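The data block below is model.cif; it holds mmCIF, C-alpha atoms.
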```
data_run
loop_
_atom_site.label_atom_id
_atom_site.label_comp_id
_atom_site.auth_asym_id
_atom_site.auth_seq_id
_atom_site.Cartn_x
_atom_site.Cartn_y
_atom_site.Cartn_z
CA MET A 1 21.68 -3.32 12.35
CA ILE A 2 22.78 0.00 10.91
CA SER A 3 23.25 -0.21 7.15
CA THR A 4 25.78 1.94 5.31
CA ASN A 5 24.99 2.96 1.74
CA GLU A 6 26.84 4.90 -0.94
CA TYR A 7 25.45 6.36 -4.16
CA PHE A 8 26.80 8.49 -6.99
CA GLU A 9 30.41 7.37 -6.49
CA GLY A 10 30.35 8.22 -2.79
CA ASN A 11 28.88 11.70 -3.27
CA VAL A 12 25.77 10.63 -1.36
CA LYS A 13 26.14 8.43 1.72
CA SER A 14 23.47 7.24 4.10
CA LEU A 15 22.88 5.20 7.25
CA GLY A 16 19.76 3.04 7.45
CA TYR A 17 17.89 2.07 10.59
CA VAL A 18 14.41 1.23 11.84
CA THR A 19 12.09 3.12 14.18
CA ALA A 20 8.70 2.29 15.66
CA SER A 21 7.11 4.04 12.67
CA GLY A 22 9.17 2.39 9.93
CA LYS A 23 12.48 2.52 8.10
CA SER A 24 14.57 5.68 7.99
CA THR A 25 17.82 6.78 6.44
CA LEU A 26 20.05 9.65 7.47
CA GLY A 27 22.20 10.93 4.65
CA VAL A 28 24.67 13.51 3.43
CA MET A 29 25.01 14.83 -0.13
CA ASN A 30 28.07 16.52 -1.57
CA PRO A 31 27.48 19.47 -3.89
CA GLY A 32 26.11 18.18 -7.19
CA ASP A 33 23.03 17.32 -9.24
CA TYR A 34 21.22 14.06 -8.53
CA GLU A 35 18.21 12.09 -9.69
CA PHE A 36 16.65 9.79 -7.11
CA GLY A 37 14.01 7.13 -7.61
CA THR A 38 11.59 6.03 -4.91
CA SER A 39 10.35 2.52 -4.26
CA GLN A 40 8.15 3.63 -1.34
CA HIS A 41 6.53 6.87 -0.25
CA GLU A 42 9.25 9.06 1.25
CA THR A 43 9.16 11.99 3.64
CA MET A 44 12.39 13.97 3.37
CA ARG A 45 13.55 16.53 5.92
CA VAL A 46 16.58 18.77 5.45
CA ILE A 47 18.78 18.71 8.55
CA GLU A 48 21.61 21.09 7.58
CA GLY A 49 22.35 22.87 4.31
CA GLU A 50 19.68 23.16 1.64
CA MET A 51 18.47 21.34 -1.44
CA THR A 52 16.73 22.62 -4.55
CA VAL A 53 14.26 20.03 -5.73
CA LYS A 54 12.12 19.34 -8.78
CA LEU A 55 9.38 17.04 -7.58
CA PRO A 56 7.66 14.50 -9.85
CA GLU A 57 5.09 16.14 -12.11
CA SER A 58 6.31 19.58 -11.05
CA ASN A 59 7.64 22.10 -13.53
CA ASP A 60 9.24 24.20 -10.83
CA TRP A 61 12.29 23.95 -8.65
CA ASN A 62 11.79 24.63 -4.94
CA THR A 63 14.47 25.19 -2.32
CA PHE A 64 14.14 23.39 1.01
CA LYS A 65 16.20 24.61 3.96
CA ALA A 66 17.06 23.13 7.35
CA GLY A 67 13.86 21.89 9.01
CA ASP A 68 11.83 21.90 5.78
CA THR A 69 10.17 18.71 4.58
CA PHE A 70 8.79 17.39 1.31
CA GLU A 71 7.13 14.15 0.29
CA VAL A 72 7.52 11.93 -2.75
CA ASP A 73 5.17 9.13 -3.74
CA ALA A 74 6.36 5.59 -4.44
CA ASN A 75 7.81 4.73 -7.86
CA LYS A 76 8.62 8.31 -8.84
CA SER A 77 11.83 10.12 -9.58
CA PHE A 78 12.86 13.56 -8.42
CA LEU A 79 15.81 15.86 -9.11
CA VAL A 80 17.98 17.49 -6.47
CA LYS A 81 20.63 20.21 -6.74
CA VAL A 82 22.91 20.85 -3.79
CA SER A 83 25.54 23.59 -3.58
CA VAL A 84 26.92 22.87 -0.08
CA GLN A 85 27.19 19.63 1.87
CA THR A 86 23.61 18.94 2.92
CA SER A 87 22.23 16.42 5.39
CA TYR A 88 18.76 14.93 5.44
CA LEU A 89 16.45 12.47 7.13
CA CYS A 90 14.39 10.24 4.83
CA GLN A 91 11.46 8.44 6.45
CA TYR A 92 9.81 5.68 4.44
CA LYS A 93 6.27 6.52 5.43
CA MET B 1 34.24 14.60 1.39
CA ILE B 2 31.81 12.62 3.49
CA SER B 3 33.59 10.55 6.12
CA THR B 4 32.20 7.26 7.39
CA ASN B 5 32.96 6.26 10.97
CA GLU B 6 32.20 3.23 13.10
CA TYR B 7 32.48 2.89 16.87
CA PHE B 8 31.70 0.21 19.45
CA GLU B 9 32.03 -2.67 16.96
CA GLY B 10 29.64 -1.05 14.49
CA ASN B 11 26.93 -0.31 17.06
CA VAL B 12 27.41 3.41 16.46
CA LYS B 13 27.97 4.67 12.91
CA SER B 14 28.29 8.24 11.72
CA LEU B 15 28.79 10.37 8.62
CA GLY B 16 30.98 13.46 8.89
CA TYR B 17 30.68 16.63 6.83
CA VAL B 18 31.30 20.36 7.02
CA THR B 19 28.85 23.28 7.06
CA ALA B 20 29.32 27.03 7.04
CA SER B 21 29.27 26.93 10.85
CA GLY B 22 31.71 24.05 11.34
CA LYS B 23 32.02 20.29 11.36
CA SER B 24 29.00 18.05 11.93
CA THR B 25 28.34 14.36 12.21
CA LEU B 26 25.06 12.52 11.69
CA GLY B 27 24.91 9.22 13.49
CA VAL B 28 22.86 6.23 14.50
CA MET B 29 23.22 4.20 17.72
CA ASN B 30 22.00 0.67 18.24
CA PRO B 31 20.47 -0.14 21.62
CA GLY B 32 23.24 -0.24 24.22
CA ASP B 33 25.27 1.67 26.78
CA TYR B 34 28.07 3.92 25.58
CA GLU B 35 30.69 6.27 26.94
CA PHE B 36 31.78 9.04 24.58
CA GLY B 37 34.68 11.44 24.96
CA THR B 38 34.75 14.90 23.43
CA SER B 39 37.74 16.64 21.92
CA GLN B 40 35.72 19.79 21.11
CA HIS B 41 32.55 21.40 22.42
CA GLU B 42 29.61 19.42 21.02
CA THR B 43 25.96 20.26 20.52
CA MET B 44 23.93 17.06 20.20
CA ARG B 45 20.40 16.90 18.82
CA VAL B 46 18.27 13.76 18.86
CA ILE B 47 16.68 13.20 15.44
CA GLU B 48 14.64 10.01 16.01
CA GLY B 49 14.44 7.72 19.01
CA GLU B 50 15.66 8.86 22.41
CA MET B 51 18.79 8.76 24.53
CA THR B 52 19.22 8.80 28.28
CA VAL B 53 22.36 10.74 29.13
CA LYS B 54 24.56 11.33 32.14
CA LEU B 55 26.40 14.54 31.40
CA PRO B 56 29.88 15.32 32.79
CA GLU B 57 29.71 16.44 36.42
CA SER B 58 26.04 15.48 36.59
CA ASN B 59 24.73 12.93 39.06
CA ASP B 60 21.49 12.50 37.18
CA TRP B 61 20.38 10.78 34.01
CA ASN B 62 18.20 12.81 31.66
CA THR B 63 16.24 11.54 28.69
CA PHE B 64 16.40 13.49 25.44
CA LYS B 65 13.76 12.85 22.78
CA ALA B 66 13.48 13.76 19.09
CA GLY B 67 14.23 17.46 18.67
CA ASP B 68 15.89 17.84 22.08
CA THR B 69 19.46 19.10 22.34
CA PHE B 70 22.23 19.00 24.90
CA GLU B 71 25.77 20.34 24.99
CA VAL B 72 29.03 18.87 26.19
CA ASP B 73 32.24 20.82 26.75
CA ALA B 74 35.55 19.80 25.19
CA ASN B 75 37.65 17.09 26.83
CA LYS B 76 34.81 15.57 28.83
CA SER B 77 33.14 12.19 28.79
CA PHE B 78 29.45 11.43 28.96
CA LEU B 79 27.37 8.28 29.24
CA VAL B 80 24.49 7.35 26.95
CA LYS B 81 21.88 4.60 27.20
CA VAL B 82 19.74 3.82 24.17
CA SER B 83 16.90 1.29 24.08
CA VAL B 84 15.83 1.69 20.40
CA GLN B 85 17.84 2.66 17.32
CA THR B 86 18.40 6.38 17.79
CA SER B 87 19.71 8.96 15.35
CA TYR B 88 21.42 12.23 16.18
CA LEU B 89 23.13 15.29 14.80
CA CYS B 90 26.38 16.33 16.50
CA GLN B 91 27.60 19.84 15.72
CA TYR B 92 31.14 20.70 16.78
CA LYS B 93 30.37 24.19 17.96
#
```
Written as structure tokens, that's how I'd like the structure from this file.
Amino acid sequence: MISTNEYFEGNVKSLGYVTASGKSTLGVMNPGDYEFGTSQHETMRVIEGEMTVKLPESNDWNTFKAGDTFEVDANKSFLVKVSVQTSYLCQYK
Amino acid sequence: MISTNEYFEGNVKSLGYVTASGKSTLGVMNPGDYEFGTSQHETMRVIEGEMTVKLPESNDWNTFKAGDTFEVDANKSFLVKVSVQTSYLCQYK
């Protein structure tokens, strides 16, 4: 099954699927500011575009470009700013 | 705008968006055999999983794994076999 998900009034959309190493989602964000919460550890990879991120317990914003990855622990929230349509892979591992 | 598309009775789903270099779609395929037609030149990249592909005018099947890319000219058709859920990026360039 491929799940379809929408968040932030359709400004973030994702497709969910399962691989040998666990659940993944592929997503696209419209330009905007977002706060995401995690229920599991997440490894995020930017596919196209870029996102500027304030990780949990960080005071700084860091910009991640295509190919860059960052990780977020379970039960945390993080902030994301996007200025162009940006795609990502989120692996729940 | 982020477009949502479904093909092959929901066994292939994709999200469409636009980057500085043109249109892109991110997609997921369920296990199965598919024939796709192109209306523009496409550059396909496997994100997770793998796809076995018979390109236009090729007699052979080639397997593309995560990170691999292949290109298809406009107005061609190509065959894809997938044995696990497989995600891809398709850039229309």
All residues 9 Å or closer to Ser83 of chain A, all atoms listed in the file, same chain fewer than 2 positions away omitted, as a PyMOL selection string: chain A and resi 30-33+49-52+81+85-86
Check: which chain B residues lie within 10 Å of chain A using all atoms listed in the file, as a PyMOL selection string: chain B and resi 1-4+10-20+24-31+47-49+84-89
Spatial sel., origin (22.8, 14.9, 31.0), limit 10 Å, all atoms listed in the file, listed as a PyMOL selection string: chain B and resi 51-64+70-72+78-80
Distance in Å - atom CA of Thr43 of chain B versus atom CA of Gln91 of chain B: 5.1 Å
For atom CA of Gln40 of chain A and atom CA of Lys76 of chain A, the interatomic separation in Å (one decimal):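 Between these atoms lies a distance of 8.9 Å.
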For Ser77 of chain B, please output as a PDB file with C-alpha atoms, in the coordinates of the input all residues within 7 Å (counting only C-alpha atoms; exclusion window: fewer than 5 positions along the same chain).
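After the write, around-v5.pdb holds the following:
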```
ATOM      1  CA  GLU B  35      30.690   6.270  26.940  1.00  0.00           C
ATOM      2  CA  PHE B  36      31.780   9.040  24.580  1.00  0.00           C
ATOM      3  CA  GLY B  37      34.680  11.440  24.960  1.00  0.00           C
ATOM      4  CA  THR B  38      34.750  14.900  23.430  1.00  0.00           C
ATOM      5  CA  PRO B  56      29.880  15.320  32.790  1.00  0.00           C
TER       6      PRO B  56
END
```
With 3 Å on each side, where is the centre of the axis-aligned box around all listed atoms of segment 52-56 of chain A, and how long are its edges in Å to one decimal, as AutoDock Vina command-line options?
```
--center_x 12.2 --center_y 18.6 --center_z -7.2 --size_x 15.1 --size_y 14.1 --size_z 11.3
```
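Atom pair atom CA of Asn5 of chain B / atom CA of Ser39 of chain A has a distance of 27.5 Å (rounded to one decimal).
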